[in-house]
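Accompanying notes for the structure given below.
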Amino acid sequence: SSGINADWPLRPGTVEVASRIFQMLCYNNRDQLSASIICAGWDKTNGGQVYCLPLGGMCVRMPFAIGGSGSTYIYGHCDNTYKVGMTEEQCLKFVADAVALAMHRDGSSGGMIRLAVLTKDGCKRLNIPGNQLPTFWSK
């Protein structure tokens with residue numbers, strides 16, 4: 001016997017469990033892997049969640065997380081703009097503005113913004129082409 005009970009109902013995984021798996025993979029491979037991970041999703045247990053896994057192996061639930069080469073330019077903007085309880089529309093604007101600001105300062109960032117909204121109903125993907133990016137410096 002394999003020790004697995006096929007009749008035992010499997011529960012859906014949680015975002016926290018997924019983030020802990022990323023944490024274990026990153027930590028166990030720390031000599032060959034240099035990665036910071038943002039793990040986000042929605043589950044029935046805790047709703048929407050974001051976990052930040054910076055270099056070093058820590059795993060922390062955060063209200064939002066930023067990363068990548070342009071992120072150093074936008075910490076102040078994100079800290080000042082993020083508000084608990086934002087609507088989906090406000091969240092999309094928050095993210096699009098933050099990414100556009102990072103892209104403007106960082107030469108390694110791409111030419112469009114790809115967004116994903118994760119809810120109990122699934123994943124909705126949105127794209128903002130380069131000619132429609134939010135601007136701040138020309139106003």
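Each chain in the structure tokens gets a letter, A, B, ..., in the order shown, and its residues are numbered from 1; ligands are numbered from 1 in order too.
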
Requested in this report: Using only C-alpha atoms, determine which residues lie at most 6 Å from Gly70 of chain A, disregarding the query and same-chain residues fewer than 2 positions distant; provide the list as a PyMOL selection string.
Outcome: chain A and resi 68+72-73+102+106

Requested in this report: Write down as a VMD selection string the residues of segment 1-137 of chain A whose backbone DSSP state falls under strand (DSSP E).
Outcome: chain A and resid 37 to 43 47 to 53 60 to 62 113 to 119 122 to 128

Atoms to include: N, CA, C and O atoms. Write the selected residues as a tab-separated table (two decimals), in the first residue's frame.
```tsv
chain	number	residue	atom	x	y	z
A	37	ILE	N	10.34	36.59	-5.01
A	37	ILE	CA	9.07	36.10	-5.56
A	37	ILE	C	7.92	36.89	-4.95
A	37	ILE	O	7.92	37.18	-3.76
A	38	ILE	N	6.95	37.22	-5.78
A	38	ILE	CA	5.67	37.73	-5.31
A	38	ILE	C	4.65	36.65	-5.63
A	38	ILE	O	4.48	36.27	-6.78
A	39	CYS	N	4.01	36.14	-4.60
A	39	CYS	CA	3.01	35.08	-4.76
A	39	CYS	C	1.66	35.66	-4.32
A	39	CYS	O	1.50	36.06	-3.17
A	40	ALA	N	0.72	35.73	-5.26
A	40	ALA	CA	-0.58	36.32	-4.95
A	40	ALA	C	-1.68	35.42	-5.49
A	40	ALA	O	-1.47	34.66	-6.44
A	41	GLY	N	-2.85	35.53	-4.89
A	41	GLY	CA	-3.97	34.74	-5.36
A	41	GLY	C	-5.18	34.91	-4.47
A	41	GLY	O	-5.22	35.77	-3.59
A	42	TRP	N	-6.17	34.09	-4.71
A	42	TRP	CA	-7.41	34.11	-3.96
A	42	TRP	C	-7.74	32.68	-3.57
A	42	TRP	O	-7.62	31.76	-4.38
A	43	ASP	N	-8.15	32.47	-2.32
A	43	ASP	CA	-8.65	31.16	-1.90
A	43	ASP	C	-9.83	31.35	-0.96
A	43	ASP	O	-10.06	32.44	-0.43
A	47	GLY	N	-9.44	34.61	1.20
A	47	GLY	CA	-9.72	35.60	0.16
A	47	GLY	C	-8.45	35.99	-0.58
A	47	GLY	O	-7.54	35.19	-0.74
A	48	GLY	N	-8.39	37.25	-1.02
A	48	GLY	CA	-7.23	37.74	-1.76
A	48	GLY	C	-6.03	37.95	-0.84
A	48	GLY	O	-6.19	38.46	0.27
A	49	GLN	N	-4.86	37.54	-1.31
A	49	GLN	CA	-3.64	37.65	-0.50
A	49	GLN	C	-2.44	37.91	-1.39
A	49	GLN	O	-2.43	37.51	-2.55
A	50	VAL	N	-1.44	38.56	-0.80
A	50	VAL	CA	-0.16	38.79	-1.46
A	50	VAL	C	0.94	38.41	-0.47
A	50	VAL	O	0.92	38.85	0.67
A	51	TYR	N	1.87	37.59	-0.93
A	51	TYR	CA	3.03	37.22	-0.12
A	51	TYR	C	4.29	37.67	-0.85
A	51	TYR	O	4.42	37.49	-2.06
A	52	CYS	N	5.20	38.24	-0.08
A	52	CYS	CA	6.48	38.69	-0.60
A	52	CYS	C	7.56	37.75	-0.09
A	52	CYS	O	7.62	37.48	1.11
A	53	LEU	N	8.37	37.24	-1.00
A	53	LEU	CA	9.47	36.35	-0.64
A	53	LEU	C	10.77	36.98	-1.14
A	53	LEU	O	11.21	36.71	-2.25
A	60	VAL	N	6.46	36.75	3.82
A	60	VAL	CA	5.66	37.69	4.59
A	60	VAL	C	4.40	38.06	3.82
A	60	VAL	O	4.48	38.44	2.65
A	61	ARG	N	3.25	37.97	4.49
A	61	ARG	CA	2.00	38.45	3.88
A	61	ARG	C	2.00	39.97	3.97
A	61	ARG	O	2.26	40.54	5.02
A	62	MET	N	1.69	40.62	2.83
A	62	MET	CA	1.72	42.07	2.73
A	62	MET	C	0.42	42.56	2.10
A	62	MET	O	-0.23	41.80	1.39
A	113	ILE	N	1.89	47.49	-20.14
A	113	ILE	CA	1.56	46.99	-18.80
A	113	ILE	C	0.57	45.84	-18.95
A	113	ILE	O	-0.45	45.97	-19.62
A	114	ARG	N	0.90	44.73	-18.31
A	114	ARG	CA	0.00	43.58	-18.26
A	114	ARG	C	-0.52	43.45	-16.83
A	114	ARG	O	0.27	43.39	-15.89
A	115	LEU	N	-1.83	43.43	-16.66
A	115	LEU	CA	-2.46	43.34	-15.35
A	115	LEU	C	-3.26	42.06	-15.25
A	115	LEU	O	-3.80	41.57	-16.25
A	116	ALA	N	-3.37	41.53	-14.03
A	116	ALA	CA	-4.22	40.37	-13.77
A	116	ALA	C	-5.00	40.64	-12.51
A	116	ALA	O	-4.44	41.04	-11.49
A	117	VAL	N	-6.32	40.43	-12.57
A	117	VAL	CA	-7.19	40.58	-11.41
A	117	VAL	C	-7.58	39.17	-10.97
A	117	VAL	O	-8.19	38.42	-11.73
A	118	LEU	N	-7.20	38.81	-9.73
A	118	LEU	CA	-7.47	37.48	-9.19
A	118	LEU	C	-8.61	37.57	-8.19
A	118	LEU	O	-8.50	38.28	-7.19
A	119	THR	N	-9.70	36.85	-8.46
A	119	THR	CA	-10.86	36.85	-7.56
A	119	THR	C	-11.37	35.42	-7.42
A	119	THR	O	-10.85	34.50	-8.06
A	122	GLY	N	-11.99	33.74	-10.72
A	122	GLY	CA	-10.90	33.38	-11.62
A	122	GLY	C	-9.96	34.55	-11.87
A	122	GLY	O	-9.86	35.47	-11.06
A	123	CYS	N	-9.31	34.50	-13.02
A	123	CYS	CA	-8.30	35.50	-13.38
A	123	CYS	C	-8.77	36.27	-14.60
A	123	CYS	O	-9.11	35.68	-15.63
A	124	LYS	N	-8.79	37.60	-14.47
A	124	LYS	CA	-9.12	38.48	-15.59
A	124	LYS	C	-7.84	39.21	-15.98
A	124	LYS	O	-7.19	39.83	-15.13
A	125	ARG	N	-7.46	39.13	-17.24
A	125	ARG	CA	-6.22	39.75	-17.71
A	125	ARG	C	-6.54	41.00	-18.52
A	125	ARG	O	-7.48	41.02	-19.31
A	126	LEU	N	-5.72	42.03	-18.29
A	126	LEU	CA	-5.88	43.30	-18.99
A	126	LEU	C	-4.51	43.75	-19.49
A	126	LEU	O	-3.50	43.51	-18.83
A	127	ASN	N	-4.48	44.44	-20.62
A	127	ASN	CA	-3.25	44.99	-21.17
A	127	ASN	C	-3.42	46.47	-21.43
A	127	ASN	O	-4.47	46.90	-21.91
A	128	ILE	N	-2.38	47.24	-21.13
A	128	ILE	CA	-2.37	48.66	-21.45
A	128	ILE	C	-1.22	48.87	-22.43
A	128	ILE	O	-0.04	48.75	-22.04
```

Query - Within 10 Å of Phe136 of chain A using only C-alpha atoms, minus same-chain residues under 6 positions, as a list of chain:residue names - result: A:Asp97, A:Ala100, A:Leu101, A:His104

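Considering the residues A:Gly57, A:Gly130, A:Gly85, A:Gly107 and counting only C-alpha atoms, Arg30 of chain A has its shortest atom-to-atom contact with A:Gly57.
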
Query raised in the report: Could you pull out the alpha helix (DSSP H) residues of chain A from DSSP and send them as a PyMOL selection string?
Result: chain A and resi 15-28+75-81+88-105

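For the residues A:Thr87, A:Thr135, A:Ser34, A:Gln23, ranking by smallest atom-to-atom distance to Met58 of chain A using only C-alpha atoms places A:Gln23 first.
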
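With only C-alpha atoms as the basis for measurement, A:Leu55 is the residue among A:Leu10, A:Cys78, A:Cys91, A:Leu55 that approaches Ser36 of chain A most closely.
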
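Closest approach to Ala65 of chain A among A:Val95, A:Thr45, A:Arg11, A:Asn28 is made by A:Val95 (distances from only C-alpha atoms).
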
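Checking A:Asp121, A:Gly56, A:Pro129, A:Pro12 one by one against Met24 of chain A, counting only C-alpha atoms, you find the shortest gap at A:Gly56.
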
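Across the structure, atom CA of Ser71 of chain A and atom CA of Val99 of chain A are spaced 8.3 Å apart.
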